[in-house]
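Heads up, protein_8.txt below (compact mmCIF, C-alpha atoms):
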```
# COMPACT_ATOMS: atom_id res chain seq x y z
CA MET A 1 14.82 4.51 4.14
CA GLU A 2 14.19 7.33 6.56
CA LEU A 3 12.20 6.67 9.71
CA ILE A 4 11.19 8.94 12.57
CA ILE A 5 12.54 7.01 15.53
CA ASN A 6 11.81 8.31 19.02
CA GLY A 7 11.11 11.71 17.50
CA GLU A 8 14.26 11.95 15.37
CA SER A 9 14.67 11.48 11.63
CA ILE A 10 17.08 8.64 11.09
CA GLN A 11 18.46 7.33 7.79
CA LEU A 12 18.67 3.54 7.75
CA PRO A 13 20.57 1.15 5.46
CA ASP A 14 18.53 -0.77 2.83
CA SER A 15 19.09 -3.98 4.75
CA VAL A 16 16.59 -2.80 7.38
CA LYS A 17 13.17 -3.91 6.16
CA THR A 18 11.25 -5.21 9.19
CA VAL A 19 10.84 -4.34 12.87
CA SER A 20 13.10 -7.29 13.63
CA ASP A 21 15.84 -5.85 11.36
CA LEU A 22 15.46 -2.48 13.03
CA LEU A 23 15.94 -3.91 16.51
CA SER A 24 19.03 -5.82 15.34
CA HIS A 25 20.36 -2.63 13.77
CA PHE A 26 20.17 -0.87 17.12
CA ARG A 27 21.44 -3.99 18.91
CA LEU A 28 18.19 -4.22 20.84
CA ASN A 29 17.27 -7.69 19.53
CA HIS A 30 18.34 -9.41 22.74
CA LYS A 31 16.49 -6.93 24.90
CA ILE A 32 12.84 -6.81 25.76
CA ALA A 33 11.34 -3.82 24.06
CA ILE A 34 7.94 -2.35 23.27
CA VAL A 35 7.78 -1.15 19.69
CA GLU A 36 5.12 1.18 18.38
CA VAL A 37 4.78 1.88 14.64
CA ASN A 38 2.46 4.73 13.67
CA LEU A 39 0.79 4.51 17.10
CA ASN A 40 0.17 0.74 16.92
CA ILE A 41 2.05 -1.57 19.25
CA ILE A 42 3.61 -4.46 17.34
CA GLN A 43 3.30 -7.88 18.99
CA LYS A 44 6.61 -9.70 19.39
CA GLN A 45 5.59 -12.56 17.12
CA GLU A 46 4.98 -9.99 14.36
CA TYR A 47 8.42 -8.35 14.47
CA GLU A 48 9.72 -10.39 11.54
CA THR A 49 6.67 -9.91 9.34
CA THR A 50 6.01 -6.23 10.01
CA THR A 51 7.67 -4.25 7.24
CA LEU A 52 8.57 -0.61 7.65
CA CYS A 53 7.96 2.15 5.10
CA ASN A 54 9.71 5.43 4.49
CA GLY A 55 8.48 8.07 6.94
CA ASP A 56 7.01 5.62 9.47
CA LYS A 57 6.91 6.92 13.02
CA VAL A 58 8.55 4.37 15.29
CA GLU A 59 8.82 4.55 19.06
CA ILE A 60 11.03 2.06 20.88
CA VAL A 61 11.14 1.64 24.65
CA HIS A 62 13.41 -1.03 26.04
CA PHE A 63 13.28 -2.40 29.56
CA VAL A 64 16.21 -2.03 31.91
CA GLY A 65 16.66 -3.37 35.42
CA GLY A 66 18.98 -1.01 37.28
CA GLY A 67 17.84 1.13 40.10
CA MET B 68 -0.91 21.92 60.97
CA ASN B 69 1.97 24.36 60.55
CA GLU B 70 3.32 25.81 57.31
CA ARG B 71 5.20 22.66 56.45
CA TYR B 72 2.94 21.48 53.61
CA SER B 73 1.54 24.88 52.60
CA ARG B 74 3.07 24.97 49.12
CA GLN B 75 1.92 21.46 48.35
CA GLN B 76 -1.60 22.31 49.54
CA LEU B 77 -1.66 25.44 47.38
CA PHE B 78 -1.23 23.16 44.38
CA ALA B 79 -4.92 22.80 43.44
CA PRO B 80 -5.00 19.08 42.47
CA ILE B 81 -3.74 18.25 45.97
CA GLY B 82 -5.22 20.95 48.21
CA LYS B 83 -6.11 20.49 51.88
CA ASP B 84 -8.13 17.36 51.21
CA GLY B 85 -5.31 15.79 49.25
CA GLN B 86 -2.81 16.57 52.00
CA GLU B 87 -5.15 14.96 54.52
CA LYS B 88 -5.26 11.82 52.37
CA ILE B 89 -1.49 11.78 51.87
CA SER B 90 -0.97 11.97 55.64
CA LYS B 91 -2.96 8.75 56.15
CA LYS B 92 -1.27 6.67 53.48
CA HIS B 93 1.27 3.89 53.86
CA VAL B 94 3.83 3.26 51.11
CA LEU B 95 5.95 0.12 50.86
CA LEU B 96 9.26 0.88 49.16
CA ILE B 97 11.19 -2.09 47.83
CA GLY B 98 14.87 -1.22 47.56
CA ALA B 99 16.88 1.61 49.09
CA GLY B 100 19.48 2.30 46.43
CA ALA B 101 19.44 5.30 44.09
CA LEU B 102 15.75 5.19 43.15
CA GLY B 103 14.79 4.10 46.66
CA THR B 104 16.48 6.97 48.45
CA GLY B 105 15.09 9.49 45.94
CA ASN B 106 11.54 8.20 46.30
CA ALA B 107 11.85 7.92 50.08
CA GLU B 108 13.03 11.49 50.57
CA ALA B 109 10.34 12.95 48.32
CA LEU B 110 7.52 10.97 49.94
CA VAL B 111 8.67 11.68 53.49
CA ARG B 112 8.98 15.40 52.71
CA ALA B 113 5.50 15.26 51.15
CA GLY B 114 4.19 14.03 54.52
CA ILE B 115 2.91 10.50 53.96
CA GLY B 116 1.69 8.67 57.08
CA LYS B 117 4.08 5.74 56.98
CA LEU B 118 6.95 4.50 54.87
CA THR B 119 8.20 0.92 55.06
CA ILE B 120 11.58 0.31 53.44
CA ILE B 121 12.96 -3.12 52.68
CA ASP B 122 16.55 -3.61 51.50
CA ARG B 123 19.20 -6.32 51.95
CA ASP B 124 22.32 -4.29 51.16
CA TYR B 125 24.67 -2.01 53.13
CA VAL B 126 26.08 1.42 52.22
CA GLU B 127 29.31 1.50 50.19
CA TRP B 128 31.44 4.38 48.89
CA SER B 129 30.33 3.76 45.31
CA ASN B 130 26.75 4.55 46.38
CA LEU B 131 27.41 8.11 47.55
CA GLN B 132 27.52 9.67 44.06
CA ARG B 133 23.75 9.19 43.65
CA GLN B 134 22.09 7.59 46.69
CA GLN B 135 20.98 10.81 48.26
CA LEU B 136 20.22 9.80 51.84
CA TYR B 137 23.65 8.39 52.64
CA SER B 138 26.77 9.97 54.09
CA GLU B 139 30.46 9.06 54.28
CA GLU B 140 29.84 8.00 57.86
CA ASP B 141 27.25 5.42 56.69
CA ALA B 142 29.74 4.02 54.16
CA LYS B 143 32.53 3.83 56.76
CA GLU B 144 30.26 1.94 59.14
CA ARG B 145 28.81 -0.22 56.34
CA LEU B 146 25.39 0.57 57.80
CA PRO B 147 22.48 -1.41 56.29
CA LYS B 148 20.77 0.85 53.78
CA ALA B 149 17.31 0.46 55.33
CA ILE B 150 18.69 1.60 58.70
CA ALA B 151 20.78 4.49 57.33
CA ALA B 152 17.79 5.65 55.27
CA LYS B 153 15.45 5.50 58.30
CA GLN B 154 17.85 7.58 60.41
CA ARG B 155 18.19 10.29 57.77
CA LEU B 156 14.47 10.33 56.96
CA GLU B 157 13.55 10.79 60.61
CA GLN B 158 15.79 13.88 60.69
CA ILE B 159 13.99 15.22 57.63
CA ASN B 160 10.43 14.69 58.87
CA SER B 161 9.74 13.33 62.33
CA ASP B 162 5.97 13.24 61.66
CA VAL B 163 6.36 10.29 59.33
CA THR B 164 6.61 6.76 60.72
CA VAL B 165 9.51 5.03 59.00
CA ALA B 166 9.88 1.26 59.32
CA ALA B 167 13.11 -0.38 58.18
CA ILE B 168 13.42 -4.04 57.22
CA VAL B 169 16.93 -5.33 56.62
CA GLY B 170 16.28 -8.34 54.45
CA ASP B 171 15.48 -9.87 51.14
CA ALA B 172 12.28 -8.87 49.33
CA THR B 173 11.15 -12.45 48.73
CA ALA B 174 7.60 -13.38 47.75
CA GLN B 175 6.98 -14.64 51.28
CA GLU B 176 8.33 -11.50 52.95
CA LEU B 177 6.38 -9.14 50.69
CA GLU B 178 3.15 -11.12 51.05
CA THR B 179 3.50 -11.06 54.84
CA ILE B 180 4.00 -7.28 54.94
CA VAL B 181 1.10 -6.67 52.59
CA LYS B 182 -1.29 -9.02 54.42
CA GLU B 183 -0.46 -7.59 57.83
CA GLN B 184 -0.11 -3.91 57.03
CA HIS B 185 -2.20 -3.23 53.91
CA PRO B 186 0.03 -0.58 52.30
CA ASN B 187 -1.75 1.68 49.81
CA LEU B 188 1.03 1.66 47.26
CA LEU B 189 4.14 -0.34 46.34
CA ILE B 190 7.13 1.45 44.86
CA ASP B 191 9.72 -0.49 42.94
CA ALA B 192 13.30 0.61 43.50
CA THR B 193 14.89 -2.79 42.98
CA ASP B 194 17.68 -3.72 40.62
CA ASN B 195 16.33 -6.92 39.11
CA PHE B 196 13.32 -8.28 37.23
CA GLU B 197 12.77 -11.32 39.41
CA THR B 198 11.82 -9.14 42.36
CA ARG B 199 9.73 -6.94 40.07
CA MET B 200 7.75 -9.99 38.90
CA ILE B 201 7.10 -10.83 42.56
CA ILE B 202 5.97 -7.23 43.24
CA ASN B 203 3.73 -7.48 40.17
CA ASP B 204 2.05 -10.66 41.44
CA VAL B 205 1.64 -9.27 44.96
CA SER B 206 0.14 -6.12 43.46
CA ASN B 207 -2.41 -8.09 41.44
CA LYS B 208 -3.28 -10.59 44.16
CA TYR B 209 -3.91 -7.90 46.80
CA ARG B 210 -5.13 -5.18 44.37
CA ILE B 211 -2.48 -2.62 45.29
CA PRO B 212 -0.99 -0.35 42.60
CA TRP B 213 2.76 -0.37 42.03
CA ILE B 214 5.14 1.94 40.22
CA TYR B 215 7.95 0.53 38.14
CA GLY B 216 11.13 2.56 37.76
CA ALA B 217 14.57 1.65 36.43
CA CYS B 218 17.64 3.34 35.03
CA VAL B 219 21.04 2.56 33.55
CA GLY B 220 23.61 5.00 32.16
CA SER B 221 21.66 8.05 31.02
CA TYR B 222 18.51 6.01 30.28
CA GLY B 223 15.44 5.59 32.43
CA ILE B 224 11.95 4.09 32.28
CA SER B 225 8.81 4.18 34.41
CA TYR B 226 5.18 3.04 34.48
CA ALA B 227 2.41 3.00 37.07
CA PHE B 228 0.62 -0.36 37.19
CA VAL B 229 -2.95 -0.34 38.50
CA PRO B 230 -4.60 -3.78 38.97
CA GLY B 231 -7.82 -4.10 37.00
CA LYS B 232 -7.06 -0.99 34.95
CA THR B 233 -3.69 -1.21 33.24
CA PRO B 234 -1.80 -4.16 31.76
CA CYS B 235 0.65 -5.68 34.25
CA LEU B 236 4.41 -6.16 33.98
CA HIS B 237 3.87 -9.81 33.03
CA CYS B 238 1.70 -8.68 30.05
CA LEU B 239 4.42 -6.26 28.94
CA LEU B 240 7.42 -8.54 29.33
CA GLU B 241 6.01 -12.06 28.77
CA THR B 242 9.31 -13.43 30.05
CA VAL B 243 11.90 -12.18 32.52
CA PRO B 244 14.57 -10.30 30.56
CA VAL B 245 18.08 -11.64 30.77
CA GLY B 246 20.05 -8.89 32.41
CA GLY B 247 22.86 -7.40 30.41
CA LEU B 248 23.56 -3.88 31.44
CA THR B 249 23.28 -2.91 35.08
CA CYS B 250 24.45 0.18 36.96
CA ASP B 251 27.54 -1.79 37.90
CA THR B 252 28.34 -2.75 34.32
CA ALA B 253 27.24 0.34 32.36
CA GLY B 254 27.40 2.99 35.05
CA ILE B 255 24.72 5.51 35.96
CA ILE B 256 24.50 9.29 36.18
CA SER B 257 22.43 10.91 38.90
CA PRO B 258 20.14 12.99 36.64
CA ALA B 259 18.84 9.74 35.10
CA VAL B 260 18.03 8.56 38.63
CA GLN B 261 16.35 11.86 39.53
CA MET B 262 14.25 11.85 36.36
CA VAL B 263 12.89 8.37 37.08
CA VAL B 264 12.28 9.37 40.69
CA ALA B 265 10.34 12.42 39.47
CA TYR B 266 8.12 10.22 37.28
CA GLN B 267 7.56 7.73 40.08
CA VAL B 268 6.80 10.31 42.77
CA ALA B 269 4.43 12.27 40.52
CA GLU B 270 2.36 9.12 39.89
CA ALA B 271 2.63 8.19 43.57
CA LEU B 272 1.17 11.55 44.64
CA LYS B 273 -1.72 11.15 42.17
CA ILE B 274 -2.45 7.69 43.58
CA LEU B 275 -2.14 8.84 47.21
CA VAL B 276 -4.63 11.69 46.67
CA GLU B 277 -6.81 9.25 44.69
CA ASP B 278 -6.74 11.36 41.55
CA TRP B 279 -6.86 8.27 39.31
CA GLN B 280 -7.90 10.19 36.20
CA SER B 281 -4.66 12.12 36.17
CA LEU B 282 -2.40 9.07 35.95
CA ARG B 283 -0.11 9.23 32.94
CA ASN B 284 -1.15 5.81 31.58
CA LYS B 285 1.85 5.71 29.31
CA LEU B 286 5.08 3.78 29.49
CA VAL B 287 7.68 6.53 29.53
CA SER B 288 11.38 6.34 28.74
CA PHE B 289 14.13 8.85 28.14
CA ASP B 290 17.81 9.13 27.41
CA LEU B 291 19.29 12.30 28.87
CA TRP B 292 22.54 11.95 26.91
CA LYS B 293 20.98 11.13 23.55
CA ASN B 294 18.27 13.74 24.18
CA GLN B 295 15.36 11.40 23.56
CA HIS B 296 12.00 11.17 25.23
CA VAL B 297 9.36 8.55 24.40
CA ALA B 298 5.92 7.78 25.78
CA ILE B 299 3.85 4.82 24.55
CA ARG B 300 0.24 3.92 25.37
CA VAL B 301 0.35 0.26 26.35
CA ASP B 302 -3.32 -0.44 27.22
CA GLN B 303 -3.68 -2.71 24.19
CA VAL B 304 -0.98 -5.03 25.54
CA LYS B 305 -3.21 -6.21 28.43
CA LYS B 306 -3.77 -9.94 28.02
CA ASP B 307 -6.91 -11.75 29.24
CA ASP B 308 -4.97 -14.98 29.66
CA CYS B 309 -2.11 -13.36 31.59
CA PRO B 310 -1.16 -15.64 34.54
CA SER B 311 -0.65 -12.59 36.77
CA CYS B 312 -3.58 -10.29 35.91
CA GLY B 313 -5.82 -12.23 33.51
CA THR B 314 -9.23 -13.76 34.17
CA HIS B 315 -7.78 -16.87 35.88
CA PRO B 316 -4.63 -15.68 37.62
CA THR B 317 -2.21 -18.14 39.22
CA TYR B 318 0.36 -15.54 40.42
CA PRO B 319 3.24 -17.76 39.29
CA TYR B 320 6.00 -15.65 40.88
CA LEU B 321 4.57 -16.19 44.34
CA SER B 322 5.06 -19.94 44.13
CA TYR B 323 8.14 -21.64 45.49
CA ASP B 324 9.20 -23.04 42.10
CA MET B 325 9.55 -19.59 40.61
CA GLN B 326 11.83 -18.18 43.28
CA THR B 327 15.54 -17.71 43.20
CA LYS B 328 17.10 -20.58 45.13
CA THR B 329 20.25 -20.20 47.13
CA ALA B 330 22.42 -22.69 48.95
CA VAL B 331 25.55 -22.28 51.00
CA LEU B 332 28.07 -24.85 49.83
CA CYS B 333 29.51 -26.38 52.95
CA GLY B 334 33.24 -26.07 53.44
CA ARG B 335 33.71 -24.17 50.20
CA ASN B 336 33.02 -20.64 51.42
CA SER B 337 30.64 -20.32 48.46
CA VAL B 338 27.00 -19.69 47.75
CA GLN B 339 25.11 -21.15 44.82
CA ILE B 340 22.40 -19.05 43.21
CA ARG B 341 19.82 -20.53 40.88
CA PRO B 342 17.59 -17.90 39.27
CA ALA B 343 13.84 -18.50 39.25
CA ALA B 344 13.43 -18.49 35.52
CA LYS B 345 16.06 -20.24 33.47
CA ARG B 346 18.27 -17.74 31.71
CA GLU B 347 20.22 -18.29 28.55
CA TYR B 348 23.47 -16.42 28.45
CA ASP B 349 25.70 -15.91 25.49
CA LEU B 350 28.83 -16.61 27.51
CA ARG B 351 31.17 -14.94 25.06
CA GLU B 352 29.13 -11.74 25.18
CA LEU B 353 29.01 -11.89 28.96
CA ALA B 354 32.78 -12.33 29.18
CA GLN B 355 33.29 -9.31 26.91
CA LEU B 356 30.96 -7.21 29.05
CA PHE B 357 33.02 -8.00 32.15
CA SER B 358 36.43 -7.56 30.55
CA LYS B 359 35.39 -4.17 29.11
CA GLN B 360 35.23 -2.95 32.70
CA GLY B 361 38.76 -4.07 33.34
CA LEU B 362 37.67 -7.08 35.37
CA GLN B 363 39.75 -10.22 35.25
CA VAL B 364 37.75 -12.82 33.32
CA GLU B 365 38.39 -16.46 32.57
CA THR B 366 36.11 -18.46 30.37
CA ASN B 367 35.51 -21.90 28.90
CA PRO B 368 32.58 -23.22 26.83
CA TYR B 369 30.51 -23.86 29.95
CA LEU B 370 31.11 -20.94 32.26
CA VAL B 371 32.50 -17.47 32.81
CA SER B 372 34.55 -16.76 35.91
CA VAL B 373 35.16 -13.17 36.99
CA SER B 374 37.26 -11.90 39.90
CA LEU B 375 35.64 -9.22 42.05
CA GLY B 376 38.14 -8.31 44.75
CA GLU B 377 37.89 -10.97 47.44
CA HIS B 378 35.01 -12.67 45.63
CA ARG B 379 34.79 -14.67 42.45
CA LEU B 380 31.59 -15.00 40.46
CA VAL B 381 31.20 -18.05 38.24
CA VAL B 382 28.25 -17.96 35.84
CA PHE B 383 26.91 -20.94 33.91
CA GLN B 384 24.98 -20.67 30.66
CA ASP B 385 21.59 -21.28 32.32
CA GLY B 386 22.14 -18.40 34.75
CA ARG B 387 23.17 -20.56 37.70
CA ALA B 388 26.08 -18.98 39.53
CA LEU B 389 28.56 -19.68 42.27
CA VAL B 390 29.76 -16.81 44.41
CA HIS B 391 33.05 -17.80 45.99
CA GLY B 392 34.55 -16.03 48.98
CA THR B 393 31.40 -15.73 51.08
CA LYS B 394 28.96 -17.84 53.11
CA ASP B 395 26.54 -14.94 53.32
CA ILE B 396 23.53 -15.51 51.07
CA GLN B 397 22.53 -11.81 51.05
CA GLU B 398 26.02 -10.73 50.04
CA ALA B 399 26.08 -13.36 47.29
CA LYS B 400 22.68 -12.27 45.95
CA THR B 401 23.74 -8.65 46.00
CA LEU B 402 26.79 -9.47 43.86
CA TYR B 403 24.73 -11.66 41.53
CA TYR B 404 22.13 -8.99 40.77
CA ARG B 405 24.74 -6.27 40.64
CA TYR B 406 26.64 -7.92 37.83
CA LEU B 407 23.94 -9.97 36.11
CA GLY B 408 20.84 -7.86 36.70
```

In structure tokens, write the structure found in this file.
Amino acid sequence: MELIINGESIQLPDSVKTVSDLLSHFRLNHKIAIVEVNLNIIQKQEYETTTLCNGDKVEIVHFVGGG
Amino acid sequence: MNERYSRQQLFAPIGKDGQEKISKKHVLLIGAGALGTGNAEALVRAGIGKLTIIDRDYVEWSNLQRQQLYSEEDAKERLPKAIAAKQRLEQINSDVTVAAIVGDATAQELETIVKEQHPNLLIDATDNFETRMIINDVSNKYRIPWIYGACVGSYGISYAFVPGKTPCLHCLLETVPVGGLTCDTAGIISPAVQMVVAYQVAEALKILVEDWQSLRNKLVSFDLWKNQHVAIRVDQVKKDDCPSCGTHPTYPYLSYDMQTKTAVLCGRNSVQIRPAAKREYDLRELAQLFSKQGLQVETNPYLVSVSLGEHRLVVFQDGRALVHGTKDIQEAKTLYYRYLG
């Protein structure tokens, strides 16, 4: 599947089906992130049930603490 | 007024009126590290009325690569950052009143400053989420906007929180993130700092001239090495039942139970630190993170022990830590947040 992630076209393995899979793929699953799919913010409790489709526009912002 | 602010006044959205407003405003800056010194210099040059800086740390050599107000002399003298920053800022613009507080930005301390001095804006330049949750509650309780900024490596993030208008940090995070990467574990490059500072100061100027309509209203993040830039509208994340900004707020991070507790362990030259919110560390992952930086790490199923020069940091799974080699609570906290975020 190909997704537009943070403005870039990225090819993902077939094992990535949900938002939760996507965050694991990028090793962001332990971080607090805001995920937007096609301009809708996905609630955390919906990460596992929200499936992604070819061409979806995904924006991921994760929180960091340094300063 | 002389020519000092002429170019800023020529910028139409600020103008003479805006400059007049800026000159009467008081900003409370929490933290005087990389983001803190960047914000402080920009705001003092812009001619705000008063800047209050609170910071518990002192200047070290490893700060000089990016903490723009400090000199080698400050590092040699181990000058407290708030003091070193004040001295430099007064050289830059003597019209601005700069107040320095060498101390910990606890809930009590921040509430006292806000109640007594009514700053117009709070700027976050801290290095941990516990203090940010306190800033967030203070902001909502006293209806003062605050600007979040953070960076690690080549990545940065920022958002301007306005009570009653935007969601708050508590809405966005739900829980306090367990720190993983910090500037002391993943490094930091100065352009990432400067980019976050630019986002923070731009929103600060809009707030100080009361141009509320021009606020960005988006959570912005970037990675200068991966060449990415993202902005997300987060309005829909605002929660009516949020304990910090909802309809019946309790401001949980201002209560004693939710604060980081410290205790000096008598006769052991050690300080115990118990974080406000319970953390759950994957100890194996934590040990790897430390050893990747060449630090000497020992571990067992219950704790990770890491040697840091004359200090040793022992972290338990729930986030409780012992800092050995000091009786100084501030020094212990500094090390804790530096390595655990």

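Using only C-alpha atoms, the shortest contact distance between chain B and any of A:Gln45, A:Ile10, A:His25, A:His62 is found at A:His62.
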
Practice task
One decimal, Å: what's the distance from atom CA of B:Lys400 over to atom CA of B:Arg351, could you say?
Solution key: 22.7 Å

Dump as CSV the rows for residues of chain A within 8 Å of chain B: closest atom pair and distance in Å with one decimal, all atoms listed in the file counted, ordered by chain and rising residue number.
```
residue,atom,partner,partner_atom,distance
A:Asn6,CA,B:Val297,CA,5.9
A:Gly7,CA,B:Gln295,CA,7.4
A:Lys31,CA,B:Pro244,CA,6.9
A:Ile32,CA,B:Pro244,CA,6.2
A:Ile34,CA,B:Leu239,CA,7.7
A:Glu36,CA,B:Ile299,CA,7.3
A:Ile41,CA,B:Val301,CA,7.5
A:Glu59,CA,B:Val297,CA,6.7
A:Ile60,CA,B:Val297,CA,7.6
A:Val61,CA,B:Ser288,CA,6.2
A:Phe63,CA,B:Ile224,CA,7.2
A:Val64,CA,B:Ala217,CA,6.1
A:Gly65,CA,B:Asn195,CA,5.1
A:Gly66,CA,B:Asp194,CA,4.5
A:Gly67,CA,B:Asp194,CA,4.9
```

Problem - Residue neighbourhood B:Leu375, 12 Å, all atoms listed in the file, exclusion window fewer than 3 positions, as a count of residues only - result: 22

Practice task
Might you pull out every residue within 12 Å of A:Thr51, with only C-alpha atoms counted and same-chain residues fewer than 2 positions away left off, and present them as JSON, numbers by chain?
Solution key: {"A": [1, 15, 16, 17, 18, 19, 20, 21, 22, 37, 42, 46, 47, 48, 49, 53, 54, 56, 58]}

Handout entry: Å distance separating atom CA of B:Leu77 from atom CA of B:Trp279, one decimal place
Key =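 Between these atoms lies a distance of 19.7 Å.
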
Practice task
Could you tell me how far atom CA of B:Ala149 lies from atom CA of B:Ile120, in Å and to one decimal?
Solution key: 6.0 Å

Using only the atoms of stretch 6-23 of chain A listed in the file, plus 6 Å on each side, state the axis-aligned box centre and edge lengths in Å rounded to one decimal, as AutoDock Vina command-line options.
```
--center_x 15.7 --center_y 2.3 --center_z 10.9 --size_x 21.7 --size_y 31.2 --size_z 28.2
```

Test item: residues at most 8 Å from B:Val169, only C-alpha atoms, excluding those fewer than 4 positions along its chain, as a compact mmCIF listing (two decimals) with C-alpha atoms, in the coordinates of the input:
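Listing of out_34.txt after writing:
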```
# COMPACT_ATOMS: atom_id res chain seq x y z
CA ILE B 121 12.96 -3.12 52.68
CA ASP B 122 16.55 -3.61 51.50
CA ARG B 123 19.20 -6.32 51.95
CA ASP B 124 22.32 -4.29 51.16
CA PRO B 147 22.48 -1.41 56.29
CA LYS B 148 20.77 0.85 53.78
CA ALA B 149 17.31 0.46 55.33
CA ILE B 150 18.69 1.60 58.70
```

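The protein and nucleic acid residues lying at most 12 Å from B:Tyr348 are His30 of chain A; Pro244, Val245, Gly246, Gly247, Leu353, Ala354, Leu356, Pro368, Tyr369, Leu370, Val371, Val382, Phe383, Gln384, Asp385, Gly386, Arg387, Ala388 and Leu407 of chain B, with all atoms listed in the file considered and sequence neighbours fewer than 5 positions away removed.
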
Handout entry: Exercise: B:Gln154 partners within 12 Å, all atoms listed in the file, chain neighbours under 6 positions left out, as a PyMOL selection string
Key = chain B and resi 107-108+120+136-138+141+146-148+160-161+163-167

For stretch 25-42 of chain A, supply N, CA and C atoms and format the output as a PDB file, keeping the file's coordinate frame.
```
ATOM      1  N   HIS A  25      19.541  -3.772  14.144  1.00  0.00           N
ATOM      2  CA  HIS A  25      20.360  -2.630  13.770  1.00  0.00           C
ATOM      3  C   HIS A  25      20.786  -1.814  14.983  1.00  0.00           C
ATOM      4  N   PHE A  26      19.855  -1.634  15.908  1.00  0.00           N
ATOM      5  CA  PHE A  26      20.170  -0.870  17.120  1.00  0.00           C
ATOM      6  C   PHE A  26      20.668  -1.756  18.260  1.00  0.00           C
ATOM      7  N   ARG A  27      20.954  -3.006  17.934  1.00  0.00           N
ATOM      8  CA  ARG A  27      21.440  -3.990  18.910  1.00  0.00           C
ATOM      9  C   ARG A  27      20.474  -4.132  20.085  1.00  0.00           C
ATOM     10  N   LEU A  28      19.188  -4.064  19.781  1.00  0.00           N
ATOM     11  CA  LEU A  28      18.190  -4.220  20.840  1.00  0.00           C
ATOM     12  C   LEU A  28      17.498  -5.577  20.726  1.00  0.00           C
ATOM     13  N   ASN A  29      17.977  -6.423  19.786  1.00  0.00           N
ATOM     14  CA  ASN A  29      17.270  -7.690  19.530  1.00  0.00           C
ATOM     15  C   ASN A  29      17.319  -8.674  20.696  1.00  0.00           C
ATOM     16  N   HIS A  30      18.307  -8.504  21.585  1.00  0.00           N
ATOM     17  CA  HIS A  30      18.340  -9.410  22.740  1.00  0.00           C
ATOM     18  C   HIS A  30      17.634  -8.803  23.941  1.00  0.00           C
ATOM     19  N   LYS A  31      17.138  -7.585  23.769  1.00  0.00           N
ATOM     20  CA  LYS A  31      16.490  -6.930  24.900  1.00  0.00           C
ATOM     21  C   LYS A  31      14.984  -6.999  24.740  1.00  0.00           C
ATOM     22  N   ILE A  32      14.289  -6.846  25.858  1.00  0.00           N
ATOM     23  CA  ILE A  32      12.840  -6.810  25.760  1.00  0.00           C
ATOM     24  C   ILE A  32      12.428  -5.363  25.536  1.00  0.00           C
ATOM     25  N   ALA A  33      11.712  -5.176  24.430  1.00  0.00           N
ATOM     26  CA  ALA A  33      11.340  -3.820  24.060  1.00  0.00           C
ATOM     27  C   ALA A  33       9.866  -3.768  23.687  1.00  0.00           C
ATOM     28  N   ILE A  34       9.286  -2.594  23.804  1.00  0.00           N
ATOM     29  CA  ILE A  34       7.940  -2.350  23.270  1.00  0.00           C
ATOM     30  C   ILE A  34       8.151  -1.478  22.048  1.00  0.00           C
ATOM     31  N   VAL A  35       7.589  -1.899  20.929  1.00  0.00           N
ATOM     32  CA  VAL A  35       7.780  -1.150  19.690  1.00  0.00           C
ATOM     33  C   VAL A  35       6.421  -0.687  19.184  1.00  0.00           C
ATOM     34  N   GLU A  36       6.346   0.596  18.896  1.00  0.00           N
ATOM     35  CA  GLU A  36       5.120   1.180  18.380  1.00  0.00           C
ATOM     36  C   GLU A  36       5.416   1.724  16.991  1.00  0.00           C
ATOM     37  N   VAL A  37       4.611   1.341  15.991  1.00  0.00           N
ATOM     38  CA  VAL A  37       4.780   1.880  14.640  1.00  0.00           C
ATOM     39  C   VAL A  37       3.496   2.617  14.284  1.00  0.00           C
ATOM     40  N   ASN A  38       3.615   3.883  13.984  1.00  0.00           N
ATOM     41  CA  ASN A  38       2.460   4.730  13.670  1.00  0.00           C
ATOM     42  C   ASN A  38       1.329   4.540  14.694  1.00  0.00           C
ATOM     43  N   LEU A  39       1.698   4.584  15.950  1.00  0.00           N
ATOM     44  CA  LEU A  39       0.790   4.510  17.100  1.00  0.00           C
ATOM     45  C   LEU A  39       0.194   3.133  17.383  1.00  0.00           C
ATOM     46  N   ASN A  40       0.626   2.101  16.627  1.00  0.00           N
ATOM     47  CA  ASN A  40       0.170   0.740  16.920  1.00  0.00           C
ATOM     48  C   ASN A  40       1.306  -0.061  17.532  1.00  0.00           C
ATOM     49  N   ILE A  41       1.012  -0.725  18.653  1.00  0.00           N
ATOM     50  CA  ILE A  41       2.050  -1.570  19.250  1.00  0.00           C
ATOM     51  C   ILE A  41       2.161  -2.865  18.453  1.00  0.00           C
ATOM     52  N   ILE A  42       3.385  -3.243  18.118  1.00  0.00           N
ATOM     53  CA  ILE A  42       3.610  -4.460  17.340  1.00  0.00           C
ATOM     54  C   ILE A  42       3.869  -5.618  18.305  1.00  0.00           C
TER      55      ILE A  42
END
```
